[in-house]
file final06.cif (mmCIF, N, CA and C atoms)
data_data
#
loop_
_atom_site.label_atom_id
_atom_site.label_comp_id
_atom_site.auth_asym_id
_atom_site.auth_seq_id
_atom_site.Cartn_x
_atom_site.Cartn_y
_atom_site.Cartn_z
N MET A 16 6.26 160.91 -59.88
CA MET A 16 5.28 160.63 -58.86
C MET A 16 5.96 160.80 -57.49
N ILE A 17 5.22 161.46 -56.60
CA ILE A 17 5.73 161.71 -55.25
C ILE A 17 4.76 161.14 -54.24
N LEU A 18 5.30 160.33 -53.33
CA LEU A 18 4.52 159.74 -52.26
C LEU A 18 4.67 160.61 -51.03
N LEU A 19 3.58 161.12 -50.52
CA LEU A 19 3.61 162.01 -49.36
C LEU A 19 3.50 161.22 -48.06
N ASP A 20 4.44 161.45 -47.17
CA ASP A 20 4.39 160.87 -45.83
C ASP A 20 3.36 161.65 -45.01
N THR A 21 3.02 161.13 -43.86
CA THR A 21 2.01 161.74 -43.00
C THR A 21 2.30 163.21 -42.71
N ASN A 22 3.56 163.53 -42.43
CA ASN A 22 3.88 164.92 -42.09
C ASN A 22 3.64 165.87 -43.26
N TYR A 23 3.72 165.38 -44.48
CA TYR A 23 3.39 166.22 -45.64
C TYR A 23 1.88 166.38 -45.78
N LEU A 24 1.13 165.34 -45.46
CA LEU A 24 -0.33 165.46 -45.51
C LEU A 24 -0.80 166.50 -44.50
N ILE A 25 -0.22 166.48 -43.31
CA ILE A 25 -0.56 167.46 -42.28
C ILE A 25 -0.09 168.84 -42.70
N GLY A 26 1.14 168.94 -43.19
CA GLY A 26 1.70 170.22 -43.62
C GLY A 26 0.95 170.85 -44.77
N ALA A 27 0.27 170.05 -45.57
CA ALA A 27 -0.53 170.59 -46.68
C ALA A 27 -1.61 171.54 -46.17
N LEU A 28 -2.02 171.37 -44.93
CA LEU A 28 -3.09 172.19 -44.36
C LEU A 28 -2.58 173.46 -43.70
N VAL A 29 -1.27 173.64 -43.64
CA VAL A 29 -0.68 174.79 -42.96
C VAL A 29 -0.18 175.78 -44.00
N ALA A 30 -0.93 176.84 -44.18
CA ALA A 30 -0.57 177.85 -45.19
C ALA A 30 0.84 178.38 -44.92
N GLY A 31 1.65 178.39 -45.98
CA GLY A 31 3.00 178.93 -45.87
C GLY A 31 4.04 177.96 -45.33
N SER A 32 3.63 176.74 -44.96
CA SER A 32 4.59 175.76 -44.45
C SER A 32 5.48 175.28 -45.60
N ASP A 33 6.65 174.76 -45.26
CA ASP A 33 7.53 174.20 -46.27
C ASP A 33 6.82 173.11 -47.07
N GLU A 34 6.06 172.29 -46.37
CA GLU A 34 5.35 171.21 -47.04
C GLU A 34 4.32 171.74 -48.03
N SER A 35 3.53 172.73 -47.61
CA SER A 35 2.50 173.25 -48.53
C SER A 35 3.13 173.95 -49.73
N LYS A 36 4.25 174.64 -49.52
CA LYS A 36 4.94 175.29 -50.64
C LYS A 36 5.45 174.25 -51.64
N LYS A 37 6.05 173.18 -51.13
CA LYS A 37 6.56 172.14 -52.02
C LYS A 37 5.43 171.44 -52.76
N ILE A 38 4.35 171.16 -52.05
CA ILE A 38 3.20 170.51 -52.68
C ILE A 38 2.65 171.37 -53.81
N LEU A 39 2.50 172.66 -53.57
CA LEU A 39 2.01 173.56 -54.62
C LEU A 39 2.96 173.57 -55.82
N ALA A 40 4.25 173.62 -55.55
CA ALA A 40 5.23 173.62 -56.64
C ALA A 40 5.16 172.31 -57.44
N TRP A 41 5.05 171.19 -56.74
CA TRP A 41 4.95 169.91 -57.45
C TRP A 41 3.70 169.83 -58.30
N LEU A 42 2.58 170.31 -57.76
CA LEU A 42 1.34 170.30 -58.54
C LEU A 42 1.46 171.18 -59.77
N GLU A 43 2.09 172.35 -59.62
CA GLU A 43 2.30 173.24 -60.76
C GLU A 43 3.20 172.60 -61.82
N GLN A 44 4.13 171.73 -61.39
CA GLN A 44 5.02 171.03 -62.31
C GLN A 44 4.36 169.80 -62.94
N GLY A 45 3.15 169.50 -62.52
CA GLY A 45 2.43 168.36 -63.06
C GLY A 45 2.74 167.02 -62.40
N GLU A 46 3.38 167.06 -61.23
CA GLU A 46 3.68 165.83 -60.50
C GLU A 46 2.39 165.19 -59.99
N LEU A 47 2.35 163.88 -60.04
CA LEU A 47 1.26 163.15 -59.39
C LEU A 47 1.63 162.96 -57.93
N LEU A 48 0.71 163.28 -57.05
CA LEU A 48 0.93 163.11 -55.62
C LEU A 48 0.08 161.95 -55.13
N VAL A 49 0.71 161.05 -54.40
CA VAL A 49 0.02 159.89 -53.86
C VAL A 49 0.42 159.75 -52.39
N THR A 50 -0.26 158.88 -51.70
CA THR A 50 0.16 158.52 -50.35
C THR A 50 -0.12 157.03 -50.15
N ALA A 51 0.49 156.47 -49.15
CA ALA A 51 0.29 155.06 -48.80
C ALA A 51 -0.81 154.96 -47.76
N MET A 52 -1.55 153.87 -47.79
CA MET A 52 -2.65 153.69 -46.84
C MET A 52 -2.21 153.88 -45.38
N PRO A 53 -1.04 153.39 -44.95
CA PRO A 53 -0.65 153.64 -43.55
C PRO A 53 -0.47 155.12 -43.24
N ALA A 54 0.07 155.89 -44.17
CA ALA A 54 0.23 157.33 -43.95
C ALA A 54 -1.15 158.02 -43.92
N TRP A 55 -2.04 157.59 -44.80
CA TRP A 55 -3.40 158.16 -44.82
C TRP A 55 -4.11 157.86 -43.50
N TYR A 56 -3.96 156.64 -43.01
CA TYR A 56 -4.55 156.28 -41.71
C TYR A 56 -4.02 157.17 -40.60
N GLU A 57 -2.70 157.36 -40.56
CA GLU A 57 -2.10 158.22 -39.53
C GLU A 57 -2.67 159.63 -39.62
N PHE A 58 -2.80 160.14 -40.86
CA PHE A 58 -3.36 161.48 -41.07
C PHE A 58 -4.80 161.55 -40.55
N LEU A 59 -5.61 160.56 -40.90
CA LEU A 59 -7.02 160.56 -40.50
C LEU A 59 -7.20 160.52 -38.98
N CYS A 60 -6.21 159.96 -38.28
CA CYS A 60 -6.29 159.90 -36.82
C CYS A 60 -6.23 161.29 -36.19
N GLY A 61 -5.78 162.27 -36.98
CA GLY A 61 -5.82 163.68 -36.67
C GLY A 61 -5.33 164.13 -35.31
N PRO A 62 -5.94 165.19 -34.88
CA PRO A 62 -7.29 165.65 -35.21
C PRO A 62 -7.33 166.45 -36.52
N VAL A 63 -8.26 166.08 -37.38
CA VAL A 63 -8.55 166.81 -38.62
C VAL A 63 -10.06 166.79 -38.84
N SER A 64 -10.56 167.86 -39.43
CA SER A 64 -11.99 167.95 -39.72
C SER A 64 -12.29 167.24 -41.04
N ASP A 65 -13.57 167.00 -41.28
CA ASP A 65 -13.98 166.42 -42.56
C ASP A 65 -13.57 167.32 -43.72
N LEU A 66 -13.68 168.63 -43.54
CA LEU A 66 -13.27 169.57 -44.59
C LEU A 66 -11.78 169.42 -44.88
N GLN A 67 -10.97 169.36 -43.83
CA GLN A 67 -9.52 169.20 -44.01
C GLN A 67 -9.19 167.88 -44.69
N LYS A 68 -9.88 166.82 -44.32
CA LYS A 68 -9.68 165.53 -44.98
C LYS A 68 -9.97 165.65 -46.47
N GLY A 69 -11.06 166.33 -46.79
CA GLY A 69 -11.45 166.50 -48.19
C GLY A 69 -10.44 167.33 -48.99
N VAL A 70 -9.92 168.36 -48.36
CA VAL A 70 -8.92 169.22 -49.03
C VAL A 70 -7.68 168.41 -49.38
N VAL A 71 -7.19 167.65 -48.41
CA VAL A 71 -5.98 166.86 -48.65
C VAL A 71 -6.27 165.73 -49.65
N ARG A 72 -7.41 165.10 -49.52
CA ARG A 72 -7.75 164.01 -50.47
C ARG A 72 -7.80 164.53 -51.90
N ALA A 73 -8.22 165.78 -52.07
CA ALA A 73 -8.36 166.35 -53.41
C ALA A 73 -7.02 166.54 -54.13
N ILE A 74 -5.93 166.65 -53.40
CA ILE A 74 -4.63 166.82 -54.05
C ILE A 74 -3.98 165.49 -54.40
N LEU A 75 -4.55 164.40 -53.90
CA LEU A 75 -3.96 163.08 -54.11
C LEU A 75 -4.54 162.38 -55.33
N ALA A 76 -3.66 161.90 -56.19
CA ALA A 76 -4.11 161.11 -57.32
C ALA A 76 -4.53 159.72 -56.89
N GLU A 77 -3.94 159.25 -55.77
CA GLU A 77 -4.23 157.89 -55.32
C GLU A 77 -3.81 157.72 -53.86
N ILE A 78 -4.58 156.93 -53.15
CA ILE A 78 -4.16 156.40 -51.86
C ILE A 78 -3.84 154.93 -52.15
N ILE A 79 -2.58 154.58 -52.05
CA ILE A 79 -2.13 153.25 -52.44
C ILE A 79 -2.63 152.23 -51.41
N PRO A 80 -3.47 151.29 -51.84
CA PRO A 80 -3.96 150.27 -50.90
C PRO A 80 -2.86 149.26 -50.62
N LEU A 81 -2.96 148.60 -49.51
CA LEU A 81 -2.00 147.55 -49.17
C LEU A 81 -2.49 146.22 -49.73
N GLU A 82 -1.61 145.61 -50.49
CA GLU A 82 -1.89 144.31 -51.07
C GLU A 82 -0.77 143.35 -50.68
N GLU A 83 -0.90 142.11 -51.07
CA GLU A 83 0.10 141.11 -50.71
C GLU A 83 1.51 141.52 -51.15
N ALA A 84 1.64 142.08 -52.34
CA ALA A 84 2.95 142.50 -52.83
C ALA A 84 3.57 143.57 -51.93
N HIS A 85 2.74 144.45 -51.39
CA HIS A 85 3.25 145.48 -50.48
C HIS A 85 3.74 144.86 -49.16
N ALA A 86 2.99 143.89 -48.67
CA ALA A 86 3.41 143.21 -47.44
C ALA A 86 4.72 142.48 -47.65
N GLN A 87 4.88 141.83 -48.80
CA GLN A 87 6.11 141.11 -49.08
C GLN A 87 7.29 142.07 -49.23
N GLU A 88 7.07 143.19 -49.91
CA GLU A 88 8.15 144.17 -50.07
C GLU A 88 8.48 144.81 -48.72
N ALA A 89 7.48 145.11 -47.91
CA ALA A 89 7.73 145.68 -46.58
C ALA A 89 8.52 144.69 -45.72
N GLU A 90 8.19 143.42 -45.82
CA GLU A 90 8.93 142.39 -45.08
C GLU A 90 10.38 142.36 -45.52
N ARG A 91 10.61 142.45 -46.83
CA ARG A 91 11.99 142.46 -47.35
C ARG A 91 12.74 143.67 -46.81
N LEU A 92 12.13 144.84 -46.90
CA LEU A 92 12.78 146.06 -46.43
C LEU A 92 13.04 146.00 -44.92
N PHE A 93 12.05 145.55 -44.18
CA PHE A 93 12.17 145.45 -42.72
C PHE A 93 13.35 144.54 -42.33
N ASN A 94 13.47 143.42 -43.01
CA ASN A 94 14.57 142.51 -42.71
C ASN A 94 15.91 143.09 -43.15
N CYS A 95 15.95 143.79 -44.27
CA CYS A 95 17.19 144.38 -44.77
C CYS A 95 17.76 145.44 -43.82
N VAL A 96 16.88 146.13 -43.09
CA VAL A 96 17.35 147.20 -42.21
C VAL A 96 17.51 146.73 -40.76
N GLY A 97 17.52 145.44 -40.57
CA GLY A 97 17.83 144.92 -39.24
C GLY A 97 16.64 144.69 -38.32
N ARG A 98 15.43 144.62 -38.89
CA ARG A 98 14.24 144.30 -38.12
C ARG A 98 14.00 145.25 -36.94
N LYS A 99 14.27 146.52 -37.16
CA LYS A 99 14.05 147.53 -36.11
C LYS A 99 12.55 147.72 -35.91
N ARG A 100 12.08 147.37 -34.76
CA ARG A 100 10.64 147.41 -34.46
C ARG A 100 10.00 148.77 -34.80
N ALA A 101 10.71 149.84 -34.54
CA ALA A 101 10.18 151.19 -34.79
C ALA A 101 9.96 151.46 -36.28
N LEU A 102 10.52 150.63 -37.15
CA LEU A 102 10.41 150.86 -38.59
C LEU A 102 9.35 150.01 -39.29
N ARG A 103 8.53 149.30 -38.53
CA ARG A 103 7.54 148.42 -39.16
C ARG A 103 6.57 149.18 -40.05
N ILE A 104 5.97 150.25 -39.55
CA ILE A 104 5.02 151.01 -40.35
C ILE A 104 5.75 151.77 -41.45
N ASP A 105 6.94 152.29 -41.13
CA ASP A 105 7.73 152.98 -42.16
C ASP A 105 8.09 152.02 -43.29
N ALA A 106 8.32 150.75 -42.98
CA ALA A 106 8.61 149.76 -44.02
C ALA A 106 7.42 149.60 -44.97
N LEU A 107 6.20 149.66 -44.45
CA LEU A 107 5.01 149.60 -45.30
C LEU A 107 4.92 150.81 -46.22
N ILE A 108 5.18 151.98 -45.67
CA ILE A 108 5.15 153.21 -46.48
C ILE A 108 6.25 153.15 -47.54
N ALA A 109 7.45 152.74 -47.12
CA ALA A 109 8.57 152.63 -48.06
C ALA A 109 8.27 151.62 -49.16
N ALA A 110 7.64 150.51 -48.81
CA ALA A 110 7.30 149.49 -49.81
C ALA A 110 6.37 150.06 -50.88
N CYS A 111 5.42 150.87 -50.46
CA CYS A 111 4.52 151.50 -51.44
C CYS A 111 5.30 152.38 -52.41
N GLY A 112 6.27 153.13 -51.88
CA GLY A 112 7.09 153.97 -52.73
C GLY A 112 7.95 153.16 -53.69
N VAL A 113 8.56 152.11 -53.18
CA VAL A 113 9.42 151.26 -54.02
C VAL A 113 8.61 150.63 -55.15
N LEU A 114 7.47 150.03 -54.82
CA LEU A 114 6.68 149.33 -55.83
C LEU A 114 6.04 150.27 -56.84
N LYS A 115 5.74 151.51 -56.43
CA LYS A 115 5.16 152.50 -57.34
C LYS A 115 6.22 153.25 -58.13
N GLY A 116 7.48 153.15 -57.69
CA GLY A 116 8.54 153.94 -58.32
C GLY A 116 8.41 155.41 -57.99
N ALA A 117 7.85 155.69 -56.82
CA ALA A 117 7.61 157.08 -56.38
C ALA A 117 8.71 157.52 -55.42
N ARG A 118 9.01 158.80 -55.45
CA ARG A 118 9.93 159.39 -54.49
C ARG A 118 9.14 159.77 -53.24
N LEU A 119 9.71 159.50 -52.07
CA LEU A 119 9.03 159.79 -50.82
C LEU A 119 9.37 161.18 -50.32
N ALA A 120 8.34 161.97 -50.06
CA ALA A 120 8.50 163.28 -49.43
C ALA A 120 8.17 163.13 -47.96
N THR A 121 9.16 163.38 -47.12
CA THR A 121 8.99 163.26 -45.67
C THR A 121 9.88 164.26 -44.95
N GLN A 122 9.44 164.70 -43.80
CA GLN A 122 10.29 165.51 -42.94
C GLN A 122 11.12 164.62 -42.03
N ASN A 123 10.82 163.34 -42.01
CA ASN A 123 11.52 162.39 -41.15
C ASN A 123 12.49 161.55 -41.99
N THR A 124 13.41 162.20 -42.68
CA THR A 124 14.33 161.45 -43.54
C THR A 124 15.14 160.42 -42.76
N SER A 125 15.47 160.73 -41.51
CA SER A 125 16.26 159.77 -40.73
C SER A 125 15.51 158.46 -40.52
N ASP A 126 14.18 158.50 -40.51
CA ASP A 126 13.38 157.29 -40.36
C ASP A 126 13.42 156.41 -41.61
N PHE A 127 13.70 157.01 -42.76
CA PHE A 127 13.60 156.30 -44.03
C PHE A 127 14.94 156.08 -44.73
N GLU A 128 15.99 156.74 -44.30
CA GLU A 128 17.29 156.64 -44.97
C GLU A 128 17.80 155.20 -45.05
N ASP A 129 17.52 154.40 -44.04
CA ASP A 129 17.99 153.01 -44.06
C ASP A 129 17.41 152.22 -45.23
N PHE A 130 16.25 152.63 -45.75
CA PHE A 130 15.61 151.91 -46.85
C PHE A 130 16.17 152.29 -48.22
N VAL A 131 16.89 153.39 -48.30
CA VAL A 131 17.39 153.88 -49.60
C VAL A 131 18.27 152.86 -50.32
N PRO A 132 19.22 152.21 -49.65
CA PRO A 132 20.04 151.22 -50.36
C PRO A 132 19.24 150.04 -50.94
N TYR A 133 17.99 149.90 -50.51
CA TYR A 133 17.16 148.77 -50.93
C TYR A 133 16.04 149.18 -51.86
N GLY A 134 16.15 150.39 -52.44
CA GLY A 134 15.23 150.79 -53.49
C GLY A 134 14.38 152.02 -53.26
N LEU A 135 14.29 152.51 -52.03
CA LEU A 135 13.48 153.70 -51.77
C LEU A 135 14.20 154.94 -52.27
N GLN A 136 13.46 155.82 -52.92
CA GLN A 136 13.98 157.11 -53.35
C GLN A 136 13.35 158.20 -52.48
N LEU A 137 14.18 159.10 -51.98
CA LEU A 137 13.68 160.24 -51.19
C LEU A 137 13.71 161.50 -52.03
N CYS A 138 12.74 162.38 -51.81
CA CYS A 138 12.77 163.71 -52.42
C CYS A 138 13.87 164.52 -51.74
N GLU A 139 14.45 165.39 -52.49
CA GLU A 139 15.50 166.26 -51.91
C GLU A 139 14.90 167.45 -51.24
#

call {"tool": "encode", "arguments": {"input": "final06.cif", "output": "structure tokens"}}
result
Amino acid sequence: MILLDTNYLIGALVAGSDESKKILAWLEQGELLVTAMPAWYEFLCGPVSDLQKGVVRAILAEIIPLEEAHAQEAERLFNCVGRKRALRIDALIAACGVLKGARLATQNTSDFEDFVPYGLQLCE
């Protein structure tokens, strides 16, 4: 299972982009693609059309909703990485990946590397 960060959701709409190529390859390999509600929200803020939203939604097996367990895991991750204010939303996305056992696909690896020692897996 692969959790797509916002930049992958956007990249899915760009023919020939690295993100769209990887997404196609993962789908061909039978990988389940999911995203976290905060990443989906960022994507919806666009600008994106209803058609584009539908196209991206169609490749996702699930949009992971935020529940109490996600908030608790995000709090743990946020505290483990030194309570960096800029990482609050990233901690929510990372928590979804950790609890789902999904690898995170992101172009912003530097934003998420701090979470790796605490359970987050990144795609290569």

call {"tool": "select_by_dssp", "arguments": {"input": "final06.cif", "residues": "stretch 85-118 of chain A", "states": "helix (DSSP H, G or I)", "output": "PyMOL selection string"}}
result
chain A and resi 85-95+100-115

call {"tool": "write_last_selection", "arguments": {"input": "final06.cif", "atoms": "N, CA and C atoms", "output": "PDB file, in the coordinates of the input"}}
result
ATOM      1  N   HIS A  85       2.740 144.450 -51.390  1.00  0.00           N
ATOM      2  CA  HIS A  85       3.250 145.480 -50.480  1.00  0.00           C
ATOM      3  C   HIS A  85       3.740 144.860 -49.160  1.00  0.00           C
ATOM      4  N   ALA A  86       2.990 143.890 -48.670  1.00  0.00           N
ATOM      5  CA  ALA A  86       3.410 143.210 -47.440  1.00  0.00           C
ATOM      6  C   ALA A  86       4.720 142.480 -47.650  1.00  0.00           C
ATOM      7  N   GLN A  87       4.880 141.830 -48.800  1.00  0.00           N
ATOM      8  CA  GLN A  87       6.110 141.110 -49.080  1.00  0.00           C
ATOM      9  C   GLN A  87       7.290 142.070 -49.230  1.00  0.00           C
ATOM     10  N   GLU A  88       7.070 143.190 -49.910  1.00  0.00           N
ATOM     11  CA  GLU A  88       8.150 144.170 -50.070  1.00  0.00           C
ATOM     12  C   GLU A  88       8.480 144.810 -48.720  1.00  0.00           C
ATOM     13  N   ALA A  89       7.480 145.110 -47.910  1.00  0.00           N
ATOM     14  CA  ALA A  89       7.730 145.680 -46.580  1.00  0.00           C
ATOM     15  C   ALA A  89       8.520 144.690 -45.720  1.00  0.00           C
ATOM     16  N   GLU A  90       8.190 143.420 -45.820  1.00  0.00           N
ATOM     17  CA  GLU A  90       8.930 142.390 -45.080  1.00  0.00           C
ATOM     18  C   GLU A  90      10.380 142.360 -45.520  1.00  0.00           C
ATOM     19  N   ARG A  91      10.610 142.450 -46.830  1.00  0.00           N
ATOM     20  CA  ARG A  91      11.990 142.460 -47.350  1.00  0.00           C
ATOM     21  C   ARG A  91      12.740 143.670 -46.810  1.00  0.00           C
ATOM     22  N   LEU A  92      12.130 144.840 -46.900  1.00  0.00           N
ATOM     23  CA  LEU A  92      12.780 146.060 -46.430  1.00  0.00           C
ATOM     24  C   LEU A  92      13.040 146.000 -44.920  1.00  0.00           C
ATOM     25  N   PHE A  93      12.050 145.550 -44.180  1.00  0.00           N
ATOM     26  CA  PHE A  93      12.170 145.450 -42.720  1.00  0.00           C
ATOM     27  C   PHE A  93      13.350 144.540 -42.330  1.00  0.00           C
ATOM     28  N   ASN A  94      13.470 143.420 -43.010  1.00  0.00           N
ATOM     29  CA  ASN A  94      14.570 142.510 -42.710  1.00  0.00           C
ATOM     30  C   ASN A  94      15.910 143.090 -43.150  1.00  0.00           C
ATOM     31  N   CYS A  95      15.950 143.790 -44.270  1.00  0.00           N
ATOM     32  CA  CYS A  95      17.190 144.380 -44.770  1.00  0.00           C
ATOM     33  C   CYS A  95      17.760 145.440 -43.820  1.00  0.00           C
ATOM     34  N   ARG A 100      12.080 147.370 -34.760  1.00  0.00           N
ATOM     35  CA  ARG A 100      10.640 147.410 -34.460  1.00  0.00           C
ATOM     36  C   ARG A 100      10.000 148.770 -34.800  1.00  0.00           C
ATOM     37  N   ALA A 101      10.710 149.840 -34.540  1.00  0.00           N
ATOM     38  CA  ALA A 101      10.180 151.190 -34.790  1.00  0.00           C
ATOM     39  C   ALA A 101       9.960 151.460 -36.280  1.00  0.00           C
ATOM     40  N   LEU A 102      10.520 150.630 -37.150  1.00  0.00           N
ATOM     41  CA  LEU A 102      10.410 150.860 -38.590  1.00  0.00           C
ATOM     42  C   LEU A 102       9.350 150.010 -39.290  1.00  0.00           C
ATOM     43  N   ARG A 103       8.530 149.300 -38.530  1.00  0.00           N
ATOM     44  CA  ARG A 103       7.540 148.420 -39.160  1.00  0.00           C
ATOM     45  C   ARG A 103       6.570 149.180 -40.050  1.00  0.00           C
ATOM     46  N   ILE A 104       5.970 150.250 -39.550  1.00  0.00           N
ATOM     47  CA  ILE A 104       5.020 151.010 -40.350  1.00  0.00           C
ATOM     48  C   ILE A 104       5.750 151.770 -41.450  1.00  0.00           C
ATOM     49  N   ASP A 105       6.940 152.290 -41.130  1.00  0.00           N
ATOM     50  CA  ASP A 105       7.730 152.980 -42.160  1.00  0.00           C
ATOM     51  C   ASP A 105       8.090 152.020 -43.290  1.00  0.00           C
ATOM     52  N   ALA A 106       8.320 150.750 -42.980  1.00  0.00           N
ATOM     53  CA  ALA A 106       8.610 149.760 -44.020  1.00  0.00           C
ATOM     54  C   ALA A 106       7.420 149.600 -44.970  1.00  0.00           C
ATOM     55  N   LEU A 107       6.200 149.660 -44.450  1.00  0.00           N
ATOM     56  CA  LEU A 107       5.010 149.600 -45.300  1.00  0.00           C
ATOM     57  C   LEU A 107       4.920 150.810 -46.220  1.00  0.00           C
ATOM     58  N   ILE A 108       5.180 151.980 -45.670  1.00  0.00           N
ATOM     59  CA  ILE A 108       5.150 153.210 -46.480  1.00  0.00           C
ATOM     60  C   ILE A 108       6.250 153.150 -47.540  1.00  0.00           C
ATOM     61  N   ALA A 109       7.450 152.740 -47.120  1.00  0.00           N
ATOM     62  CA  ALA A 109       8.570 152.630 -48.060  1.00  0.00           C
ATOM     63  C   ALA A 109       8.270 151.620 -49.160  1.00  0.00           C
ATOM     64  N   ALA A 110       7.640 150.510 -48.810  1.00  0.00           N
ATOM     65  CA  ALA A 110       7.300 149.490 -49.810  1.00  0.00           C
ATOM     66  C   ALA A 110       6.370 150.060 -50.880  1.00  0.00           C
ATOM     67  N   CYS A 111       5.420 150.870 -50.460  1.00  0.00           N
ATOM     68  CA  CYS A 111       4.520 151.500 -51.440  1.00  0.00           C
ATOM     69  C   CYS A 111       5.300 152.380 -52.410  1.00  0.00           C
ATOM     70  N   GLY A 112       6.270 153.130 -51.880  1.00  0.00           N
ATOM     71  CA  GLY A 112       7.090 153.970 -52.730  1.00  0.00           C
ATOM     72  C   GLY A 112       7.950 153.160 -53.690  1.00  0.00           C
ATOM     73  N   VAL A 113       8.560 152.110 -53.180  1.00  0.00           N
ATOM     74  CA  VAL A 113       9.420 151.260 -54.020  1.00  0.00           C
ATOM     75  C   VAL A 113       8.610 150.630 -55.150  1.00  0.00           C
ATOM     76  N   LEU A 114       7.470 150.030 -54.820  1.00  0.00           N
ATOM     77  CA  LEU A 114       6.680 149.330 -55.830  1.00  0.00           C
ATOM     78  C   LEU A 114       6.040 150.270 -56.840  1.00  0.00           C
ATOM     79  N   LYS A 115       5.740 151.510 -56.430  1.00  0.00           N
ATOM     80  CA  LYS A 115       5.160 152.500 -57.340  1.00  0.00           C
ATOM     81  C   LYS A 115       6.220 153.250 -58.130  1.00  0.00           C
TER      82      LYS A 115
END

call {"tool": "residues_around", "arguments": {"input": "final06.cif", "residues": "stretch 89-97 of chain A", "least_positions_apart": "5", "cutoff": "9 Å", "atoms": "only C-alpha atoms", "output": "list in words"}}
result
Ala84, Leu102, Arg103, Ile104, Asp105, Ala106, Leu107, Ile108, Ala109, Ala110, Cys111, Asp129, Phe130, Tyr133 and Gly134 of chain A

call {"tool": "residues_around", "arguments": {"input": "final06.cif", "residues": "stretch 67-69 of chain A", "least_positions_apart": "2", "cutoff": "12 Å", "atoms": "only C-alpha atoms", "output": "number ranges by chain"}}
result
A: 24-29, 55-65, 71-75

call {"tool": "closest_residue", "arguments": {"input": "final06.cif", "among": "A:Pro80, A:Ala120, A:Ala51, A:Asp126", "to": "A:Ala101", "atoms": "only N, CA and C atoms"}}
result
A:Asp126

call {"tool": "residues_around", "arguments": {"input": "final06.cif", "residues": "A:Leu119", "least_positions_apart": "2", "cutoff": "8 Å", "atoms": "only C-alpha atoms", "output": "ChimeraX atom specification"}}
result
/A:17-20,109,112,117,121,135-138
